>>> print(open('upload21.txt').read())   # compact mmCIF, C-alpha atoms
# COMPACT_ATOMS: atom_id res chain seq x y z
CA MET A 1 -63.65 288.67 59.64
CA SER A 2 -63.40 291.82 57.56
CA GLU A 3 -65.27 292.79 54.43
CA TYR A 4 -62.22 291.94 52.31
CA GLY A 5 -60.82 288.80 50.83
CA VAL A 6 -57.47 288.06 49.25
CA ALA A 7 -56.41 285.80 46.42
CA LEU A 8 -53.03 284.18 47.03
CA PHE A 9 -50.78 283.16 44.15
CA TYR A 10 -47.63 281.18 43.44
CA THR A 11 -45.81 283.82 41.38
CA THR A 12 -45.80 287.60 40.99
CA SER A 13 -46.34 287.06 37.30
CA SER A 14 -49.68 285.32 37.99
CA VAL A 15 -50.78 288.16 40.29
CA MET A 16 -50.10 290.63 37.48
CA ALA A 17 -52.02 288.52 34.98
CA ALA A 18 -54.96 288.33 37.42
CA GLU A 19 -54.88 292.06 38.13
CA LYS A 20 -55.00 292.91 34.45
CA LEU A 21 -57.93 290.62 33.73
CA LEU A 22 -59.99 291.57 36.76
CA LEU A 23 -59.51 295.30 36.14
CA LYS A 24 -60.58 294.80 32.54
CA GLU A 25 -63.76 293.15 33.77
CA GLY A 26 -64.51 296.04 36.15
CA PHE A 27 -63.69 294.42 39.49
CA THR A 28 -62.64 296.59 42.43
CA ILE A 29 -59.28 295.19 43.44
CA LYS A 30 -55.98 296.25 44.99
CA LEU A 31 -52.59 294.59 45.11
CA VAL A 32 -51.30 294.36 48.68
CA PRO A 33 -48.38 292.73 50.47
CA THR A 34 -49.53 289.21 51.38
CA PRO A 35 -51.07 289.36 54.88
CA ARG A 36 -48.66 287.55 57.18
CA GLN A 37 -51.42 285.42 58.75
CA PHE A 38 -51.55 283.48 55.50
CA SER A 39 -48.64 281.38 54.35
CA SER A 40 -48.32 282.21 50.68
CA ASP A 41 -45.84 281.46 47.95
CA CYS A 42 -45.90 285.03 46.68
CA GLY A 43 -45.23 288.31 48.47
CA ILE A 44 -48.01 290.16 46.68
CA SER A 45 -51.69 289.27 46.91
CA LEU A 46 -54.84 290.59 45.33
CA ARG A 47 -57.42 292.11 47.69
CA PHE A 48 -61.10 292.50 46.81
CA PRO A 49 -64.43 293.06 48.59
CA TRP A 50 -65.39 289.66 50.02
CA GLU A 51 -68.83 289.86 48.48
CA THR A 52 -67.23 289.38 45.04
CA ASN A 53 -65.17 286.33 46.02
CA GLN A 54 -67.10 283.87 43.89
CA ASP A 55 -66.91 286.08 40.83
CA VAL A 56 -63.17 286.62 41.32
CA GLU A 57 -62.62 282.89 41.60
CA ALA A 58 -64.72 282.24 38.51
CA VAL A 59 -62.58 284.60 36.42
CA LEU A 60 -59.30 283.06 37.64
CA GLN A 61 -60.56 279.58 36.81
CA ARG A 62 -62.00 280.57 33.44
CA GLU A 63 -58.72 282.24 32.41
CA HIS A 64 -56.57 279.38 33.76
CA ILE A 65 -54.60 281.63 36.10
CA GLU A 66 -52.85 279.52 38.69
CA TYR A 67 -53.67 280.62 42.22
CA GLU A 68 -53.07 279.12 45.61
CA SER A 69 -56.27 279.95 47.48
CA ILE A 70 -58.87 282.59 48.19
CA ARG A 71 -59.20 283.64 51.83
CA GLN A 72 -61.33 286.01 53.83
CA LEU A 73 -59.41 288.62 55.78
CA MET B 1 -19.63 308.36 11.12
CA ILE B 2 -21.40 305.42 9.52
CA TYR B 3 -22.31 302.67 11.94
CA LEU B 4 -22.21 299.27 10.24
CA ASP B 5 -21.98 297.03 13.28
CA ASN B 6 -25.66 296.42 13.91
CA ALA B 7 -25.09 292.65 13.96
CA ALA B 8 -23.05 293.13 17.14
CA THR B 9 -25.41 295.65 18.68
CA SER B 10 -27.84 298.03 17.06
CA TRP B 11 -27.15 301.74 17.23
CA PRO B 12 -28.57 304.29 17.60
CA LYS B 13 -31.59 303.38 19.72
CA PRO B 14 -35.01 304.96 19.23
CA PRO B 15 -35.55 307.92 21.61
CA GLU B 16 -38.57 306.04 23.02
CA VAL B 17 -36.20 303.36 24.36
CA VAL B 18 -34.02 305.90 26.15
CA GLU B 19 -37.11 307.64 27.50
CA ALA B 20 -38.68 304.42 28.84
CA MET B 21 -35.48 303.51 30.66
CA THR B 22 -35.11 307.00 32.11
CA GLN B 23 -38.69 306.90 33.35
CA VAL B 24 -38.02 303.74 35.33
CA LEU B 25 -34.89 305.12 36.94
CA LYS B 26 -36.55 308.42 37.76
CA TYR B 27 -40.02 307.39 38.80
CA ALA B 28 -40.59 303.65 39.12
CA GLY B 29 -37.46 302.05 40.49
CA GLY B 30 -39.00 299.46 42.84
CA ASN B 31 -37.80 295.86 42.94
CA PRO B 32 -40.54 293.88 41.14
CA GLY B 33 -42.33 291.20 43.09
CA ARG B 34 -40.27 291.67 46.21
CA SER B 35 -41.76 294.29 48.48
CA GLY B 36 -45.43 294.71 47.62
CA HIS B 37 -45.36 298.51 47.86
CA THR B 38 -46.50 300.86 45.13
CA LEU B 39 -43.21 301.11 43.25
CA SER B 40 -42.47 297.40 43.56
CA ILE B 41 -45.89 296.59 42.11
CA GLU B 42 -45.36 299.13 39.33
CA GLY B 43 -42.15 297.30 38.41
CA ALA B 44 -43.95 293.95 38.46
CA ARG B 45 -46.65 295.34 36.15
CA LEU B 46 -44.01 296.55 33.70
CA MET B 47 -42.40 293.11 33.74
CA TYR B 48 -45.67 291.31 33.17
CA ASN B 49 -46.76 293.67 30.39
CA THR B 50 -43.42 293.12 28.69
CA ARG B 51 -43.87 289.35 28.94
CA GLU B 52 -47.22 289.79 27.20
CA THR B 53 -45.64 291.98 24.52
CA ILE B 54 -42.93 289.38 23.89
CA ALA B 55 -45.39 286.47 23.80
CA ARG B 56 -47.55 288.36 21.30
CA PHE B 57 -44.57 289.44 19.21
CA PHE B 58 -43.33 285.85 18.78
CA ASN B 59 -46.84 284.36 18.75
CA SER B 60 -46.50 282.23 21.83
CA ASP B 61 -49.70 282.04 23.87
CA ASN B 62 -48.43 282.01 27.44
CA PRO B 63 -46.65 285.07 28.94
CA GLN B 64 -45.72 282.99 32.01
CA ARG B 65 -43.39 281.00 29.77
CA VAL B 66 -41.41 284.10 28.78
CA ILE B 67 -38.20 284.08 30.83
CA PHE B 68 -36.06 287.21 31.10
CA THR B 69 -32.33 286.64 30.75
CA ALA B 70 -29.25 288.86 30.48
CA ASN B 71 -28.81 288.07 26.77
CA VAL B 72 -29.26 285.33 24.18
CA THR B 73 -26.15 283.46 25.39
CA HIS B 74 -27.70 283.20 28.84
CA ALA B 75 -30.98 281.91 27.35
CA ILE B 76 -29.15 279.27 25.29
CA ASN B 77 -27.13 278.16 28.33
CA ILE B 78 -30.28 277.70 30.43
CA VAL B 79 -31.60 275.13 27.99
CA LEU B 80 -28.41 273.39 26.87
CA ARG B 81 -26.91 273.05 30.34
CA GLY B 82 -30.23 272.57 32.10
CA MET B 83 -31.70 269.95 29.80
CA LEU B 84 -28.97 267.86 28.20
CA LYS B 85 -27.68 264.90 30.21
CA PRO B 86 -24.93 262.38 29.46
CA GLY B 87 -26.17 260.05 26.74
CA ASP B 88 -28.50 262.67 25.20
CA ARG B 89 -27.97 263.52 21.56
CA VAL B 90 -28.10 267.09 20.27
CA VAL B 91 -27.96 268.15 16.64
CA THR B 92 -26.74 271.52 15.42
CA THR B 93 -25.18 273.08 12.32
CA SER B 94 -21.69 274.16 11.33
CA MET B 95 -22.83 277.80 11.12
CA GLU B 96 -23.34 278.34 14.85
CA HIS B 97 -21.96 281.07 17.07
CA ASN B 98 -19.86 280.16 20.09
CA ALA B 99 -22.90 280.94 22.26
CA VAL B 100 -24.08 277.53 21.04
CA MET B 101 -20.80 275.76 20.28
CA ARG B 102 -19.01 276.44 23.55
CA PRO B 103 -21.79 275.08 25.80
CA LEU B 104 -22.13 272.08 23.46
CA ARG B 105 -18.39 271.31 23.46
CA TYR B 106 -18.43 271.65 27.24
CA LEU B 107 -21.33 269.22 27.54
CA GLU B 108 -19.67 266.84 25.10
CA LYS B 109 -16.93 266.24 27.67
CA SER B 110 -19.54 264.92 30.11
CA GLY B 111 -21.04 262.48 27.62
CA VAL B 112 -23.58 264.47 25.61
CA GLU B 113 -23.42 263.40 21.95
CA VAL B 114 -23.05 266.44 19.66
CA ASP B 115 -23.76 266.06 15.96
CA VAL B 116 -22.83 269.02 13.75
CA VAL B 117 -24.52 269.05 10.33
CA SER B 118 -22.29 270.71 7.72
CA CYS B 119 -23.64 273.70 5.84
CA SER B 120 -22.57 274.75 2.35
CA THR B 121 -19.85 277.34 1.74
CA THR B 122 -22.62 279.95 1.45
CA GLY B 123 -23.83 278.95 4.91
CA GLU B 124 -26.97 277.20 3.68
CA LEU B 125 -28.36 274.10 5.36
CA ASP B 126 -29.06 270.99 3.37
CA ILE B 127 -32.41 269.70 4.66
CA PRO B 128 -31.81 266.03 3.72
CA ALA B 129 -28.52 266.20 5.68
CA MET B 130 -30.46 267.40 8.73
CA ALA B 131 -33.02 264.61 8.21
CA GLU B 132 -30.22 262.08 8.04
CA ALA B 133 -28.69 263.38 11.28
CA LEU B 134 -32.08 262.98 12.91
CA ALA B 135 -32.65 259.46 11.65
CA THR B 136 -31.14 258.05 14.83
CA GLY B 137 -33.15 260.42 17.02
CA ALA B 138 -32.14 263.34 19.23
CA ARG B 139 -33.31 265.16 22.32
CA LEU B 140 -32.77 268.63 20.92
CA VAL B 141 -31.95 270.44 17.72
CA ILE B 142 -30.44 273.91 18.12
CA ILE B 143 -29.82 276.10 15.10
CA ASN B 144 -29.43 279.79 14.42
CA HIS B 145 -32.21 281.54 12.53
CA ALA B 146 -29.60 283.51 10.59
CA SER B 147 -25.81 283.50 10.71
CA ASN B 148 -23.96 286.33 12.42
CA VAL B 149 -21.14 285.93 9.88
CA THR B 150 -22.94 285.82 6.53
CA GLY B 151 -26.54 286.64 7.43
CA THR B 152 -27.64 283.41 5.72
CA ILE B 153 -31.14 282.48 6.88
CA LEU B 154 -31.77 278.85 7.86
CA PRO B 155 -35.11 277.31 6.85
CA VAL B 156 -36.55 276.94 10.35
CA GLY B 157 -40.12 276.27 9.23
CA GLU B 158 -39.02 273.47 6.90
CA ILE B 159 -36.81 271.83 9.49
CA ALA B 160 -39.38 271.84 12.30
CA PRO B 161 -41.53 268.91 11.01
CA ILE B 162 -38.42 266.74 10.59
CA VAL B 163 -37.29 267.60 14.10
CA HIS B 164 -40.67 266.83 15.61
CA GLN B 165 -40.96 263.60 13.63
CA ALA B 166 -37.72 262.52 15.33
CA ASP B 167 -39.38 263.32 18.66
CA ALA B 168 -36.85 266.09 19.33
CA LEU B 169 -37.38 269.68 20.39
CA LEU B 170 -36.41 272.61 18.18
CA MET B 171 -34.50 275.50 19.73
CA ILE B 172 -33.75 278.63 17.72
CA ASP B 173 -30.97 281.14 18.34
CA ALA B 174 -32.69 284.29 17.10
CA ALA B 175 -29.85 286.67 18.00
CA GLN B 176 -29.67 288.02 14.45
CA THR B 177 -33.34 287.85 13.50
CA ALA B 178 -35.60 288.97 16.35
CA GLY B 179 -36.94 292.32 15.17
CA VAL B 180 -35.78 292.00 11.56
CA LEU B 181 -37.47 288.81 10.33
CA PRO B 182 -40.97 287.60 11.25
CA ILE B 183 -40.85 284.93 13.96
CA ASP B 184 -44.03 282.98 14.66
CA MET B 185 -43.24 280.22 17.16
CA ASP B 186 -46.52 278.46 16.59
CA LYS B 187 -46.49 278.53 12.79
CA MET B 188 -42.77 277.81 12.47
CA GLY B 189 -42.82 274.97 15.01
CA ILE B 190 -40.28 276.55 17.37
CA ASP B 191 -40.23 274.94 20.83
CA LEU B 192 -37.61 277.16 22.47
CA LEU B 193 -36.70 280.63 21.30
CA ALA B 194 -33.62 282.44 22.58
CA PHE B 195 -33.34 286.13 21.73
CA THR B 196 -31.46 289.23 22.77
CA GLY B 197 -32.87 292.69 23.31
CA HIS B 198 -30.02 294.86 22.05
CA LYS B 199 -29.88 293.99 18.35
CA GLY B 200 -32.92 294.00 16.06
CA LEU B 201 -35.29 294.69 18.95
CA LEU B 202 -33.45 297.99 19.48
CA GLY B 203 -33.34 297.73 23.27
CA PRO B 204 -30.32 298.12 25.55
CA PRO B 205 -27.62 295.51 26.22
CA GLY B 206 -28.12 293.34 29.31
CA ILE B 207 -31.61 292.09 28.54
CA GLY B 208 -32.78 289.11 26.51
CA GLY B 209 -35.08 286.20 26.90
CA LEU B 210 -36.13 282.62 26.47
CA VAL B 211 -39.62 281.73 25.29
CA ILE B 212 -40.62 278.20 26.25
CA GLY B 213 -43.21 276.67 23.94
CA ASN B 214 -46.05 274.48 25.14
CA ARG B 215 -44.50 271.25 23.85
CA VAL B 216 -41.63 271.66 26.30
CA ASP B 217 -41.92 270.14 29.77
CA ALA B 218 -40.09 272.83 31.77
CA ARG B 219 -39.60 270.37 34.63
CA GLN B 220 -37.01 268.72 32.38
CA ILE B 221 -34.85 271.87 32.47
CA GLU B 222 -32.75 272.50 35.57
CA PRO B 223 -32.26 276.17 36.38
CA LEU B 224 -28.79 277.57 35.71
CA ILE B 225 -28.96 280.09 38.55
CA LEU B 226 -30.77 279.57 41.85
CA GLY B 227 -31.78 282.10 44.46
CA GLY B 228 -34.42 284.56 45.56
CA THR B 229 -37.53 284.97 43.43
CA GLY B 230 -39.88 286.91 45.72
CA SER B 231 -42.00 283.76 45.86
CA GLN B 232 -41.96 280.77 48.24
CA SER B 233 -39.69 282.75 50.54
CA GLU B 234 -40.24 280.33 53.40
CA LYS B 235 -38.58 277.54 51.42
CA GLU B 236 -34.91 276.98 50.69
CA ILE B 237 -35.81 274.98 47.60
CA GLN B 238 -35.99 276.61 44.16
CA PRO B 239 -39.64 276.93 43.00
CA GLU B 240 -40.78 274.96 39.95
CA TYR B 241 -43.28 277.60 38.83
CA LEU B 242 -42.61 279.59 35.69
CA PRO B 243 -41.21 282.12 35.19
CA ASP B 244 -39.73 282.20 38.72
CA LYS B 245 -37.82 278.92 38.35
CA PHE B 246 -35.41 280.54 35.86
CA GLU B 247 -35.40 284.13 37.12
CA SER B 248 -33.55 284.23 40.44
CA GLY B 249 -32.10 287.55 41.54
CA THR B 250 -33.23 291.11 41.02
CA PRO B 251 -34.36 291.54 37.43
CA ASN B 252 -33.03 294.19 35.04
CA ILE B 253 -36.18 296.27 35.14
CA VAL B 254 -34.52 299.20 33.36
CA GLY B 255 -33.49 296.89 30.53
CA ILE B 256 -36.97 295.37 30.44
CA ALA B 257 -38.49 298.85 30.03
CA GLY B 258 -36.10 299.56 27.17
CA LEU B 259 -36.81 296.20 25.57
CA GLN B 260 -40.55 296.78 25.68
CA ALA B 261 -40.16 300.22 24.10
CA GLY B 262 -37.91 298.71 21.42
CA ILE B 263 -40.39 295.96 20.56
CA ASN B 264 -43.23 298.49 20.47
CA TRP B 265 -41.16 300.62 18.09
CA VAL B 266 -40.60 297.60 15.83
CA MET B 267 -44.29 296.66 15.94
CA GLU B 268 -45.37 300.20 15.09
CA ARG B 269 -43.07 300.38 12.05
CA GLY B 270 -43.94 296.82 11.11
CA ILE B 271 -41.47 294.02 10.67
CA ASP B 272 -42.14 293.91 6.92
CA ALA B 273 -41.22 297.57 6.48
CA ILE B 274 -38.02 297.05 8.50
CA ARG B 275 -37.15 293.97 6.47
CA ASP B 276 -37.82 295.81 3.19
CA HIS B 277 -35.53 298.67 4.21
CA GLU B 278 -32.73 296.35 5.29
CA THR B 279 -33.08 294.23 2.13
CA GLU B 280 -32.79 297.38 0.02
CA LEU B 281 -29.62 298.40 1.88
CA THR B 282 -28.09 294.93 1.51
CA LYS B 283 -28.97 294.79 -2.18
CA ASN B 284 -27.28 298.14 -2.82
CA LEU B 285 -24.25 297.14 -0.79
CA LEU B 286 -23.84 293.79 -2.56
CA ASN B 287 -24.32 295.29 -6.02
CA GLY B 288 -21.74 297.98 -5.35
CA LEU B 289 -19.15 295.67 -3.79
CA MET B 290 -19.49 293.05 -6.53
CA GLU B 291 -18.11 295.52 -9.03
CA ILE B 292 -14.93 296.21 -7.09
CA CYS B 293 -11.90 294.26 -8.20
CA GLY B 294 -10.13 292.31 -5.45
CA ILE B 295 -13.14 292.02 -3.13
CA LYS B 296 -14.36 288.60 -2.11
CA LEU B 297 -17.95 288.30 -0.91
CA TYR B 298 -19.17 285.51 1.38
CA GLY B 299 -22.62 284.05 1.92
CA THR B 300 -25.45 283.70 -0.59
CA CYS B 301 -25.02 287.21 -2.05
CA ASN B 302 -28.81 287.22 -2.26
CA PRO B 303 -30.42 289.75 0.09
CA GLU B 304 -33.67 287.76 0.06
CA LEU B 305 -31.86 284.79 1.60
CA SER B 306 -30.01 286.69 4.30
CA THR B 307 -30.27 289.37 6.94
CA ALA B 308 -28.50 292.71 6.52
CA ILE B 309 -24.97 291.34 6.77
CA VAL B 310 -22.28 291.45 4.10
CA SER B 311 -18.99 289.73 4.88
CA ILE B 312 -16.01 290.52 2.69
CA THR B 313 -12.26 290.17 2.36
CA VAL B 314 -9.91 292.28 0.30
CA ASP B 315 -7.22 290.47 -1.68
CA GLY B 316 -3.78 290.88 -0.15
CA ARG B 317 -5.01 292.82 2.90
CA LEU B 318 -5.55 291.69 6.46
CA VAL B 319 -9.12 292.20 7.64
CA SER B 320 -7.81 294.20 10.59
CA GLU B 321 -6.05 296.62 8.21
CA VAL B 322 -9.22 297.07 6.18
CA GLY B 323 -11.33 297.64 9.28
CA LEU B 324 -8.88 300.17 10.65
CA ALA B 325 -8.67 302.04 7.35
CA LEU B 326 -12.47 302.20 7.06
CA ASP B 327 -12.71 303.55 10.61
CA GLU B 328 -9.78 306.01 10.57
CA GLU B 329 -10.06 307.33 7.03
CA PHE B 330 -13.80 307.16 6.41
CA GLY B 331 -15.49 306.91 9.82
CA ILE B 332 -17.07 303.58 8.87
CA LEU B 333 -17.48 301.20 11.79
CA SER B 334 -17.38 297.51 10.89
CA ARG B 335 -16.42 294.36 12.73
CA VAL B 336 -13.47 292.30 11.59
CA GLY B 337 -12.18 288.88 12.57
CA LEU B 338 -13.97 285.68 13.47
CA HIS B 339 -17.11 287.14 15.06
CA CYS B 340 -17.11 284.53 17.88
CA ALA B 341 -18.02 281.93 15.25
CA PRO B 342 -14.96 279.85 14.25
CA SER B 343 -17.12 277.00 12.97
CA ALA B 344 -19.04 279.33 10.65
CA HIS B 345 -15.80 280.80 9.29
CA ARG B 346 -14.43 277.29 8.68
CA THR B 347 -17.62 276.47 6.79
CA ILE B 348 -17.38 279.47 4.46
CA GLY B 349 -13.61 279.13 4.04
CA SER B 350 -12.47 282.26 5.87
CA PHE B 351 -10.81 280.62 8.89
CA PRO B 352 -8.51 281.70 10.53
CA ASP B 353 -8.21 285.11 8.84
CA GLY B 354 -11.83 286.09 9.24
CA THR B 355 -13.81 288.69 7.31
CA VAL B 356 -14.80 292.33 7.42
CA ARG B 357 -18.46 292.33 8.39
CA LEU B 358 -20.62 295.20 7.20
CA ALA B 359 -23.98 295.18 8.97
CA PRO B 360 -26.34 298.06 8.23
CA GLY B 361 -29.47 298.56 10.27
CA MET B 362 -32.84 300.25 10.43
CA PHE B 363 -31.23 303.67 10.78
CA THR B 364 -28.73 303.29 7.92
CA SER B 365 -29.57 305.20 4.70
CA VAL B 366 -29.02 304.18 1.07
CA ASP B 367 -26.81 307.25 0.70
CA GLU B 368 -24.57 305.98 3.49
CA ILE B 369 -24.32 302.62 1.71
CA HIS B 370 -23.07 304.36 -1.43
CA ARG B 371 -20.44 306.17 0.62
CA VAL B 372 -19.37 302.82 2.10
CA ILE B 373 -18.99 301.28 -1.38
CA LYS B 374 -16.82 304.20 -2.46
CA ALA B 375 -14.68 303.89 0.68
CA VAL B 376 -14.18 300.13 0.29
CA LYS B 377 -13.15 300.73 -3.32
CA GLU B 378 -10.54 303.25 -2.25
CA VAL B 379 -9.21 300.94 0.45
CA ALA B 380 -9.07 298.00 -1.97
CA GLN B 381 -7.19 300.01 -4.58
CA SER B 382 -4.78 301.71 -2.20
>>> encode(input="upload21.txt", output="structure tokens")
Amino acid sequence: MSEYGVALFYTTSSVMAAEKLLLKEGFTIKLVPTPRQFSSDCGISLRFPWETNQDVEAVLQREHIEYESIRQL
Amino acid sequence: MIYLDNAATSWPKPPEVVEAMTQVLKYAGGNPGRSGHTLSIEGARLMYNTRETIARFFNSDNPQRVIFTANVTHAINIVLRGMLKPGDRVVTTSMEHNAVMRPLRYLEKSGVEVDVVSCSTTGELDIPAMAEALATGARLVIINHASNVTGTILPVGEIAPIVHQADALLMIDAAQTAGVLPIDMDKMGIDLLAFTGHKGLLGPPGIGGLVIGNRVDARQIEPLILGGTGSQSEKEIQPEYLPDKFESGTPNIVGIAGLQAGINWVMERGIDAIRDHETELTKNLLNGLMEICGIKLYGTCNPELSTAIVSITVDGRLVSEVGLALDEEFGILSRVGLHCAPSAHRTIGSFPDGTVRLAPGMFTSVDEIHRVIKAVKEVAQS
């Protein structure tokens, strides 16, 4: 397991909404092509340091952004 | 040259629109949501930001329910052909453009019941007549926000409660009003808003949109076009998620950039300032034309009740002759004929000859309007 996690989404539009919100709240994130080991609905995923996974998830839920799952790389 | 065909497409465009489109072609030409590399992501960001801009501009709270289309006709077709099934009833008005009437007449052949509420000869909608048409219920009501023939504004906000009381959805064709009249989907009770980017929003042709309000169950609308979305690539079934469900194929990212710049331009000037300018132009134009002998004016002849459109005919002259004379002799560009709206022309009594449509815009000056009045006078008296 690496020190990173990824959030997987259903649509590119949701990834963009998530990126905007998380950047605004000061998270360290990067958009990456969805790692092939995960089956995802969307070709772009949002990578973040795994230690922040609970905070990332909390923001997505609070802002009602639809996401598929959060996985550790 | 005096450009008076802004109801067909606005011209010129703000330099910011041209610049935004050039930037995309030069520096950020990736295919949004497809590849995941830097330029692809940059394109996806631009798309999402534009969805947010559009949602804010029309006061709809969910950017994911903003669907990009090629134009307003495309947006209207998505809903009419994707939602209405044999046995459904749809109510519209006699002032509609063929973007509405042709899909409806097509659907009528397969068993959709189409009820057309007659408007007055000035293009105004009688609200009790609409209420009566809705007494037996309907699935959808689709009306224009303002006519492309006379500019007559329909009372969307007053109709919405009647529509919702009948348990129907309200769809608005905002081709003539987006960018020139305030549109607040929430306050006006609009469930589905179809708009184009190349008229009042001052963007390029080839981009428009559909905003789906929260009262609409998007699962009830079948997509018109199916294909790749950059999502659910492992499946050969069209995704249900918005906006992907209705956006198959590579999007017009250059058009989207231009549309965003156009909307920003409109928001910076303020819709009220734009409306005031256009009302002033229309008022001057109407006042001047009213004094010319042999000119017939259509519509309400009240600039407060219409967008910046003045439709006229000249006694004893074909509209095509008048249009050609204005263009060749005075460099005034108008649009003559039926304006893709035979039903509207029947309603105002100008079918099949049509009218000469004079449609000033944000970049037209009062001085130009006075030159137009003088030119029309000369043509009418020649």
>>> residues_around(input="upload21.txt", residues="Leu4 of chain B", least_positions_apart="6", cutoff="10 Å", atoms="only C-alpha atoms", output="PDB file with C-alpha atoms, in the coordinates of the input")
ATOM      1  CA  SER B  10     -27.840 298.030  17.060  1.00  0.00           C
ATOM      2  CA  TRP B  11     -27.150 301.740  17.230  1.00  0.00           C
ATOM      3  CA  ALA B 308     -28.500 292.710   6.520  1.00  0.00           C
ATOM      4  CA  ILE B 309     -24.970 291.340   6.770  1.00  0.00           C
ATOM      5  CA  VAL B 310     -22.280 291.450   4.100  1.00  0.00           C
ATOM      6  CA  ILE B 332     -17.070 303.580   8.870  1.00  0.00           C
ATOM      7  CA  LEU B 333     -17.480 301.200  11.790  1.00  0.00           C
ATOM      8  CA  SER B 334     -17.380 297.510  10.890  1.00  0.00           C
ATOM      9  CA  ARG B 335     -16.420 294.360  12.730  1.00  0.00           C
ATOM     10  CA  ARG B 357     -18.460 292.330   8.390  1.00  0.00           C
ATOM     11  CA  LEU B 358     -20.620 295.200   7.200  1.00  0.00           C
ATOM     12  CA  ALA B 359     -23.980 295.180   8.970  1.00  0.00           C
ATOM     13  CA  PRO B 360     -26.340 298.060   8.230  1.00  0.00           C
ATOM     14  CA  GLY B 361     -29.470 298.560  10.270  1.00  0.00           C
ATOM     15  CA  THR B 364     -28.730 303.290   7.920  1.00  0.00           C
ATOM     16  CA  GLU B 368     -24.570 305.980   3.490  1.00  0.00           C
ATOM     17  CA  ILE B 369     -24.320 302.620   1.710  1.00  0.00           C
ATOM     18  CA  VAL B 372     -19.370 302.820   2.100  1.00  0.00           C
TER      19      VAL B 372
END
>>> interface_residues(input="upload21.txt", of="chain A", to="chain B", cutoff="9 Å", atoms="only C-alpha atoms", output="number ranges by chain")
A: 9-14, 16-17, 20, 31-34, 39-45
>>> closest_residue(input="upload21.txt", among="B:Val379, B:Leu324, B:Leu80, B:Val163", to="Gly137 of chain B", atoms="all atoms listed in the file")
B:Val163
>>> residues_around(input="upload21.txt", residues="Val336 of chain B", least_positions_apart="6", cutoff="12 Å", atoms="only C-alpha atoms", output="MDAnalysis selection string")
chainID B and resid 4:5 7:8 149 310:314 318:327 345 350 352:359
>>> write_last_selection(input="upload21.txt", atoms="C-alpha atoms", output="PDB file, in the frame of the given file")
ATOM      1  CA  LEU B   4     -22.210 299.270  10.240  1.00  0.00           C
ATOM      2  CA  ASP B   5     -21.980 297.030  13.280  1.00  0.00           C
ATOM      3  CA  ALA B   7     -25.090 292.650  13.960  1.00  0.00           C
ATOM      4  CA  ALA B   8     -23.050 293.130  17.140  1.00  0.00           C
ATOM      5  CA  VAL B 149     -21.140 285.930   9.880  1.00  0.00           C
ATOM      6  CA  VAL B 310     -22.280 291.450   4.100  1.00  0.00           C
ATOM      7  CA  SER B 311     -18.990 289.730   4.880  1.00  0.00           C
ATOM      8  CA  ILE B 312     -16.010 290.520   2.690  1.00  0.00           C
ATOM      9  CA  THR B 313     -12.260 290.170   2.360  1.00  0.00           C
ATOM     10  CA  VAL B 314      -9.910 292.280   0.300  1.00  0.00           C
ATOM     11  CA  LEU B 318      -5.550 291.690   6.460  1.00  0.00           C
ATOM     12  CA  VAL B 319      -9.120 292.200   7.640  1.00  0.00           C
ATOM     13  CA  SER B 320      -7.810 294.200  10.590  1.00  0.00           C
ATOM     14  CA  GLU B 321      -6.050 296.620   8.210  1.00  0.00           C
ATOM     15  CA  VAL B 322      -9.220 297.070   6.180  1.00  0.00           C
ATOM     16  CA  GLY B 323     -11.330 297.640   9.280  1.00  0.00           C
ATOM     17  CA  LEU B 324      -8.880 300.170  10.650  1.00  0.00           C
ATOM     18  CA  ALA B 325      -8.670 302.040   7.350  1.00  0.00           C
ATOM     19  CA  LEU B 326     -12.470 302.200   7.060  1.00  0.00           C
ATOM     20  CA  ASP B 327     -12.710 303.550  10.610  1.00  0.00           C
ATOM     21  CA  HIS B 345     -15.800 280.800   9.290  1.00  0.00           C
ATOM     22  CA  SER B 350     -12.470 282.260   5.870  1.00  0.00           C
ATOM     23  CA  PRO B 352      -8.510 281.700  10.530  1.00  0.00           C
ATOM     24  CA  ASP B 353      -8.210 285.110   8.840  1.00  0.00           C
ATOM     25  CA  GLY B 354     -11.830 286.090   9.240  1.00  0.00           C
ATOM     26  CA  THR B 355     -13.810 288.690   7.310  1.00  0.00           C
ATOM     27  CA  VAL B 356     -14.800 292.330   7.420  1.00  0.00           C
ATOM     28  CA  ARG B 357     -18.460 292.330   8.390  1.00  0.00           C
ATOM     29  CA  LEU B 358     -20.620 295.200   7.200  1.00  0.00           C
ATOM     30  CA  ALA B 359     -23.980 295.180   8.970  1.00  0.00           C
TER      31      ALA B 359
END
>>> closest_residue(input="upload21.txt", among="A:Ala7, A:Leu21, A:Ile65, A:Val59", to="Arg47 of chain A", atoms="only C-alpha atoms")
A:Ala7
>>> residues_around(input="upload21.txt", residues="Gly151 of chain B", least_positions_apart="3", cutoff="6 Å", atoms="all atoms listed in the file", output="mmCIF file with C-alpha atoms, in the frame of the given file")
data_model
loop_
_atom_site.group_PDB
_atom_site.id
_atom_site.type_symbol
_atom_site.label_atom_id
_atom_site.label_comp_id
_atom_site.auth_asym_id
_atom_site.auth_seq_id
_atom_site.Cartn_x
_atom_site.Cartn_y
_atom_site.Cartn_z
ATOM 1 C CA ALA B 146 -29.600 283.510 10.590
ATOM 2 C CA SER B 147 -25.810 283.500 10.710
ATOM 3 C CA ASN B 148 -23.960 286.330 12.420
ATOM 4 C CA SER B 306 -30.010 286.690 4.300
ATOM 5 C CA THR B 307 -30.270 289.370 6.940
ATOM 6 C CA ILE B 309 -24.970 291.340 6.770
#
